[in-house]
Amino acid sequence: MHPILDRRASRWLAIVSLSAACARGGGGVAREPFGTTHRGEAVSVYTLKNAHGIELRVLDYGGIILSLQVPDRSGRLDDVVLGFDSLGDYERGSPYFGALIGRYGNRIARGRFTLDGRTYTLATNNGPNHLHGGVRGFDKVVWTAAPFERGDSVGLVLNYTSPDGEEGYPGTLRATVTYTLTNANQLIFDYHATTDRATPVNLTQHSYFNLAGDGKGDILGHVVTLNADRFTPVDSTLIPTGEIRSVAGTPFDFRTPTAIGARIDRDDEQLRYGRGYDHNFVLNKGATGNEPTLAARVYEPTSGRVMEVATTEPGLQFYSGNFLDGTLQGKRGVVYRHRYGFAMETQHFPDSPNKPAFPSTILRPGEEYRSRTIYRFGVQP
Ligand code: BGC
């Protein structure tokens, strides 16, 4: 779109030119302006619809999923993700609502790691630690976005080049993340990156869900199943100790369907450190090659909505929204109280650059970083 078109005209043009199908109510993609960052960058929102009425709205700022309308068991659509109405709210202090996370999902202890004999110092933005890529991670930059429509899906290709030294990381990292919404009610995230110097990379998506509908209370009644026999216990600053512990006999055993709230307030050191669930689960992997395997299933009994998560990643951060405390006001004026949303972040394990026994997160020149995660939506009677 031409930059000199005025705001109203450009908005109208974008909507009609990107997809006639979307305007007719079928699947498609539309684009509208969503404001300007404090740095003066124009931000757009893309609306993607599939053939069954699932509607996904994504910002090119941080790749943020703004809303996701999904049917309940009676076909009623509700927005099932937390977020804000304005760009300013995202910029002023979002707890990563809906955002793409990079270069490194979760924490790196004390913002330091040694790679090939050299020690790197990263931005620290979470007590003593580096969290979710630092002060200005991939969630706070504007990505270039290119929408697409195929026979059975719609999507958005997001690109960002992270300069050498950004937030302390070595090498220029070229990242591409593709969001695909299929007519099989899947939301697929494909991550790809290359680098010109060895660097840690661990990309993820940080949507907070409430399958009863955004703002409709806490998520403690959601019934979770995790395909994980083990998890990585943490210290009081949420850095893994290095131990890989069995979930058997602990409140971390979600191998059979269990309500999030069933054991969350138990007197357990790990639950105390996390203030609830805020832990990396080690996913059970069969001999599946590099295909996504089932990581999690979440069922919300009042709406009947079900979300399944499959991934090529070895880990899953299950976060029960423990740091939400009623101070944030979100979409439609909703107040986000304690545990009003949960996240299922597929990832490599936290602090892997300092844990040689964990699967490596180091990407080297000439290699390709590839990762795929699928959220599938459905209902259960
Ligand atoms: C982390 C939490 C953090 C949340 C929001 C999660 O991935 O594990 O500790 O509070 O993201 O930043």
# chains A, B, ... in the order shown; residues from 1 in each chain; ligands from 1
call {"tool": "residues_near_ligand", "arguments": {"ligand": "ligand 1", "cutoff": "6 Å", "atoms": "only C-alpha atoms and all ligand atoms", "output": "PDB file with N, CA, C and O atoms, in the first residue's frame"}}
result
ATOM      1  N   PRO A  95       2.641  -8.507  29.603  1.00  0.00           N
ATOM      2  CA  PRO A  95       3.366  -9.718  30.030  1.00  0.00           C
ATOM      3  C   PRO A  95       3.445 -10.727  28.869  1.00  0.00           C
ATOM      4  O   PRO A  95       3.126 -11.887  29.037  1.00  0.00           O
ATOM      5  N   TYR A  96       3.830 -10.211  27.697  1.00  0.00           N
ATOM      6  CA  TYR A  96       4.036 -11.032  26.493  1.00  0.00           C
ATOM      7  C   TYR A  96       2.727 -11.610  25.962  1.00  0.00           C
ATOM      8  O   TYR A  96       2.743 -12.645  25.289  1.00  0.00           O
ATOM      9  N   ASN A 106      12.024 -17.983  27.448  1.00  0.00           N
ATOM     10  CA  ASN A 106      12.307 -18.226  28.861  1.00  0.00           C
ATOM     11  C   ASN A 106      13.683 -17.686  29.286  1.00  0.00           C
ATOM     12  O   ASN A 106      14.232 -16.815  28.635  1.00  0.00           O
ATOM     13  N   ASP A 278       4.740 -22.972  36.465  1.00  0.00           N
ATOM     14  CA  ASP A 278       5.563 -22.118  35.602  1.00  0.00           C
ATOM     15  C   ASP A 278       6.828 -22.931  35.330  1.00  0.00           C
ATOM     16  O   ASP A 278       7.925 -22.543  35.703  1.00  0.00           O
ATOM     17  N   TYR A 319       2.490 -22.494  31.898  1.00  0.00           N
ATOM     18  CA  TYR A 319       2.456 -21.325  32.783  1.00  0.00           C
ATOM     19  C   TYR A 319       0.991 -21.034  33.121  1.00  0.00           C
ATOM     20  O   TYR A 319       0.178 -20.863  32.211  1.00  0.00           O
ATOM     21  N   PHE A 323       1.421 -14.584  37.541  1.00  0.00           N
ATOM     22  CA  PHE A 323       1.826 -13.197  37.779  1.00  0.00           C
ATOM     23  C   PHE A 323       0.708 -12.202  37.422  1.00  0.00           C
ATOM     24  O   PHE A 323       0.867 -11.002  37.626  1.00  0.00           O
TER      25      PHE A 323
END
call {"tool": "residues_around", "arguments": {"residues": "Glu149 of chain A", "least_positions_apart": "4", "cutoff": "9 Å", "atoms": "only C-alpha atoms", "output": "JSON list (two decimals) with N, CA and C atoms, in the first residue's frame"}}
result
[["chain", "number", "residue", "atom", "x", "y", "z"],
["A", 19, "SER", "N", -8.46, -9.48, 0.19],
["A", 19, "SER", "CA", -9.31, -10.65, 0.05],
["A", 19, "SER", "C", -10.77, -10.32, -0.13],
["A", 27, "GLY", "N", -13.40, -17.73, 4.05],
["A", 27, "GLY", "CA", -12.04, -17.59, 4.56],
["A", 27, "GLY", "C", -11.36, -16.42, 3.88],
["A", 28, "GLY", "N", -10.23, -15.97, 4.43],
["A", 28, "GLY", "CA", -9.48, -14.91, 3.78],
["A", 28, "GLY", "C", -8.61, -14.14, 4.72],
["A", 29, "VAL", "N", -7.99, -13.10, 4.18],
["A", 29, "VAL", "CA", -7.09, -12.25, 4.97],
["A", 29, "VAL", "C", -7.41, -10.79, 4.67],
["A", 153, "SER", "N", -6.16, -23.07, 3.46],
["A", 153, "SER", "CA", -5.61, -22.33, 4.60],
["A", 153, "SER", "C", -5.36, -20.87, 4.23],
["A", 154, "VAL", "N", -5.21, -20.07, 5.28],
["A", 154, "VAL", "CA", -4.80, -18.67, 5.13],
["A", 154, "VAL", "C", -3.63, -18.46, 6.08],
["A", 155, "GLY", "N", -2.81, -17.45, 5.84],
["A", 155, "GLY", "CA", -1.68, -17.29, 6.76],
["A", 155, "GLY", "C", -0.93, -16.00, 6.57],
["A", 156, "LEU", "N", 0.12, -15.90, 7.35],
["A", 156, "LEU", "CA", 0.95, -14.71, 7.39],
["A", 156, "LEU", "C", 2.40, -15.15, 7.56]]
call {"tool": "closest_residue", "arguments": {"among": "A:Ala175, A:Ala51, A:Ala193, A:Val80", "to": "Gly151 of chain A", "atoms": "only C-alpha atoms"}}
result
A:Ala51
call {"tool": "select_by_dssp", "arguments": {"residues": "segment 63-252 of chain A", "states": "strand (DSSP E)", "output": "VMD selection string"}}
result
chain A and resid 65 to 71 77 to 79 99 to 101 107 to 108 112 to 115 118 to 121 130 to 131 144 to 149 153 to 162 173 to 182 186 to 195 199 to 200 204 to 206 223 to 226 230 to 232 245 to 246
call {"tool": "closest_residue", "arguments": {"among": "A:Gly165, A:Gly213, A:Gly366, A:Gly111", "to": "Leu77 of chain A", "atoms": "only C-alpha atoms"}}
result
A:Gly213
call {"tool": "select_by_dssp", "arguments": {"residues": "segment 40-288 of chain A", "states": "helix (DSSP H, G or I)", "output": "PDB file with C-alpha atoms, in the first residue's frame"}}
result
ATOM      1  CA  LEU A  87      -0.839  -0.683  20.677  1.00  0.00           C
ATOM      2  CA  GLY A  88       0.106   1.679  23.513  1.00  0.00           C
ATOM      3  CA  ASP A  89      -0.993  -0.898  26.076  1.00  0.00           C
ATOM      4  CA  TYR A  90       1.228  -3.530  24.428  1.00  0.00           C
ATOM      5  CA  GLU A  91       4.171  -1.131  24.359  1.00  0.00           C
ATOM      6  CA  ARG A  92       3.707   0.107  27.928  1.00  0.00           C
ATOM      7  CA  GLY A  93       4.008  -3.254  29.605  1.00  0.00           C
ATOM      8  CA  ALA A 109      20.689 -17.400  34.212  1.00  0.00           C
ATOM      9  CA  ARG A 110      22.217 -14.028  35.097  1.00  0.00           C
ATOM     10  CA  GLY A 111      22.099 -13.089  31.410  1.00  0.00           C
ATOM     11  CA  PHE A 138      11.233 -10.146  19.247  1.00  0.00           C
ATOM     12  CA  ASP A 139       7.894  -9.377  20.931  1.00  0.00           C
ATOM     13  CA  LYS A 140       8.621  -5.627  20.749  1.00  0.00           C
ATOM     14  CA  GLU A 166      21.097  -7.147  19.773  1.00  0.00           C
ATOM     15  CA  GLU A 167      20.348  -7.579  23.499  1.00  0.00           C
ATOM     16  CA  GLY A 168      23.909  -8.949  23.737  1.00  0.00           C
ATOM     17  CA  ILE A 260      -5.262 -27.003  36.640  1.00  0.00           C
ATOM     18  CA  GLY A 261      -6.662 -26.022  40.038  1.00  0.00           C
ATOM     19  CA  ALA A 262      -6.768 -29.526  41.517  1.00  0.00           C
ATOM     20  CA  GLU A 269       8.528 -26.272  46.916  1.00  0.00           C
ATOM     21  CA  GLN A 270       8.296 -26.200  43.108  1.00  0.00           C
ATOM     22  CA  LEU A 271       4.778 -24.745  43.170  1.00  0.00           C
ATOM     23  CA  ARG A 272       5.997 -22.162  45.692  1.00  0.00           C
ATOM     24  CA  TYR A 273       8.891 -21.110  43.442  1.00  0.00           C
ATOM     25  CA  GLY A 274       6.598 -20.854  40.415  1.00  0.00           C
TER      26      GLY A 274
END
call {"tool": "residues_around", "arguments": {"residues": "Tyr120 of chain A", "least_positions_apart": "2", "cutoff": "9 Å", "atoms": "only C-alpha atoms", "output": "list in words"}}
result
Gly111, Arg112, Phe113, Thr114, Leu115, Arg118, Leu122, Gly168, Tyr169 and Pro170 of chain A
call {"tool": "write_last_selection", "arguments": {"atoms": "all heavy atoms", "output": "short mmCIF file (atom, residue, chain, number, x, y, z; two decimals), in the first residue's frame"}}
result
data_model
loop_
_atom_site.label_atom_id
_atom_site.label_comp_id
_atom_site.auth_asym_id
_atom_site.auth_seq_id
_atom_site.Cartn_x
_atom_site.Cartn_y
_atom_site.Cartn_z
N GLY A 111 21.83 -13.71 32.71
CA GLY A 111 22.10 -13.09 31.41
C GLY A 111 23.50 -13.34 30.91
O GLY A 111 24.10 -12.48 30.26
N ARG A 112 24.03 -14.54 31.21
CA ARG A 112 25.41 -14.84 30.77
C ARG A 112 25.50 -16.26 30.24
O ARG A 112 24.83 -17.16 30.73
CB ARG A 112 26.37 -14.74 31.97
CG ARG A 112 26.71 -13.35 32.38
CD ARG A 112 27.33 -13.38 33.76
NE ARG A 112 28.65 -14.02 33.73
CZ ARG A 112 29.77 -13.35 33.55
NH1 ARG A 112 29.74 -12.04 33.38
NH2 ARG A 112 30.93 -13.96 33.56
N PHE A 113 26.32 -16.44 29.24
CA PHE A 113 26.64 -17.79 28.79
C PHE A 113 27.98 -17.74 28.07
O PHE A 113 28.44 -16.67 27.64
CB PHE A 113 25.55 -18.35 27.85
CG PHE A 113 25.42 -17.60 26.56
CD1 PHE A 113 26.10 -17.98 25.42
CD2 PHE A 113 24.59 -16.48 26.49
CE1 PHE A 113 25.97 -17.28 24.23
CE2 PHE A 113 24.46 -15.76 25.31
CZ PHE A 113 25.15 -16.17 24.17
N THR A 114 28.63 -18.90 27.99
CA THR A 114 29.91 -18.99 27.30
C THR A 114 29.75 -19.89 26.09
O THR A 114 29.16 -20.97 26.19
CB THR A 114 30.98 -19.55 28.27
OG1 THR A 114 31.07 -18.64 29.37
CG2 THR A 114 32.35 -19.64 27.61
N LEU A 115 30.21 -19.40 24.96
CA LEU A 115 30.06 -20.15 23.71
C LEU A 115 31.38 -20.08 22.95
O LEU A 115 31.89 -18.98 22.71
CB LEU A 115 28.92 -19.52 22.88
CG LEU A 115 28.64 -20.08 21.50
CD1 LEU A 115 28.34 -21.57 21.53
CD2 LEU A 115 27.46 -19.33 20.86
N ARG A 118 34.07 -17.93 24.53
CA ARG A 118 33.86 -16.50 24.79
C ARG A 118 32.59 -16.31 25.63
O ARG A 118 31.59 -16.98 25.40
CB ARG A 118 33.72 -15.79 23.44
CG ARG A 118 33.53 -14.33 23.61
CD ARG A 118 33.77 -13.57 22.32
NE ARG A 118 33.11 -12.28 22.46
CZ ARG A 118 32.87 -11.46 21.47
NH1 ARG A 118 33.24 -11.77 20.24
NH2 ARG A 118 32.26 -10.31 21.69
N LEU A 122 24.13 -10.71 28.34
CA LEU A 122 22.84 -10.31 27.76
C LEU A 122 22.16 -9.30 28.68
O LEU A 122 22.50 -9.19 29.87
CB LEU A 122 21.93 -11.53 27.62
CG LEU A 122 22.47 -12.72 26.83
CD1 LEU A 122 21.52 -13.90 26.94
CD2 LEU A 122 22.66 -12.31 25.36
N GLY A 168 22.69 -8.26 23.32
CA GLY A 168 23.91 -8.95 23.74
C GLY A 168 24.21 -10.23 22.97
O GLY A 168 25.27 -10.85 23.17
N TYR A 169 23.32 -10.65 22.07
CA TYR A 169 23.50 -11.92 21.35
C TYR A 169 24.47 -11.77 20.18
O TYR A 169 24.44 -10.77 19.47
CB TYR A 169 22.17 -12.41 20.77
CG TYR A 169 21.21 -12.95 21.79
CD1 TYR A 169 20.14 -12.19 22.23
CD2 TYR A 169 21.36 -14.23 22.31
CE1 TYR A 169 19.23 -12.68 23.16
CE2 TYR A 169 20.46 -14.73 23.24
CZ TYR A 169 19.40 -13.96 23.66
OH TYR A 169 18.52 -14.45 24.58
N PRO A 170 25.28 -12.80 19.93
CA PRO A 170 26.21 -12.74 18.79
C PRO A 170 25.51 -13.07 17.45
O PRO A 170 24.60 -13.89 17.41
CB PRO A 170 27.23 -13.84 19.11
CG PRO A 170 26.51 -14.80 20.02
CD PRO A 170 25.48 -14.00 20.76
#
call {"tool": "residues_around", "arguments": {"residues": "Gln380 of chain A", "least_positions_apart": "5", "cutoff": "10 Å", "atoms": "only C-alpha atoms", "output": "list in words"}}
result
Asp72, Arg73, Tyr299, Glu300, Pro301, Ser303, Gly304, Arg305 and Val306 of chain A
call {"tool": "closest_residue", "arguments": {"among": "A:Tyr46, A:Tyr208, A:Phe358, A:Phe231", "to": "Met344 of chain A", "atoms": "only C-alpha atoms"}}
result
A:Tyr208
call {"tool": "closest_residue", "arguments": {"among": "A:Val282, A:Val45, A:Met307, A:Leu187", "to": "Arg245 of chain A", "atoms": "only C-alpha atoms"}}
result
A:Val282
call {"tool": "residues_around", "arguments": {"residues": "Glu291 of chain A", "least_positions_apart": "6", "cutoff": "12 Å", "atoms": "only C-alpha atoms", "output": "number ranges by chain"}}
result
A: 285, 310-314, 370-374
call {"tool": "closest_atom_pairs", "arguments": {"of": "segment 154-269 of chain A", "to": "segment 329-334 of chain A", "cutoff": "10 Å", "atoms": "only C-alpha atoms", "output": "tab-separated table"}}
result
residue	atom	partner	partner_atom	distance
A:Asp214	CA	A:Val334	CA	8.1
A:Gly215	CA	A:Val334	CA	5.6
A:Lys216	CA	A:Val334	CA	8.8
A:Gly217	CA	A:Val334	CA	10.0
call {"tool": "closest_residue", "arguments": {"among": "A:Gly53, A:Gly133, A:Pro365, A:Gly40", "to": "Asp196 of chain A", "atoms": "only C-alpha atoms"}}
result
A:Pro365
call {"tool": "closest_residue", "arguments": {"among": "A:Ser360, A:Asn354, A:Asn290, A:Gln186", "to": "Thr119 of chain A", "atoms": "only C-alpha atoms"}}
result
A:Asn354
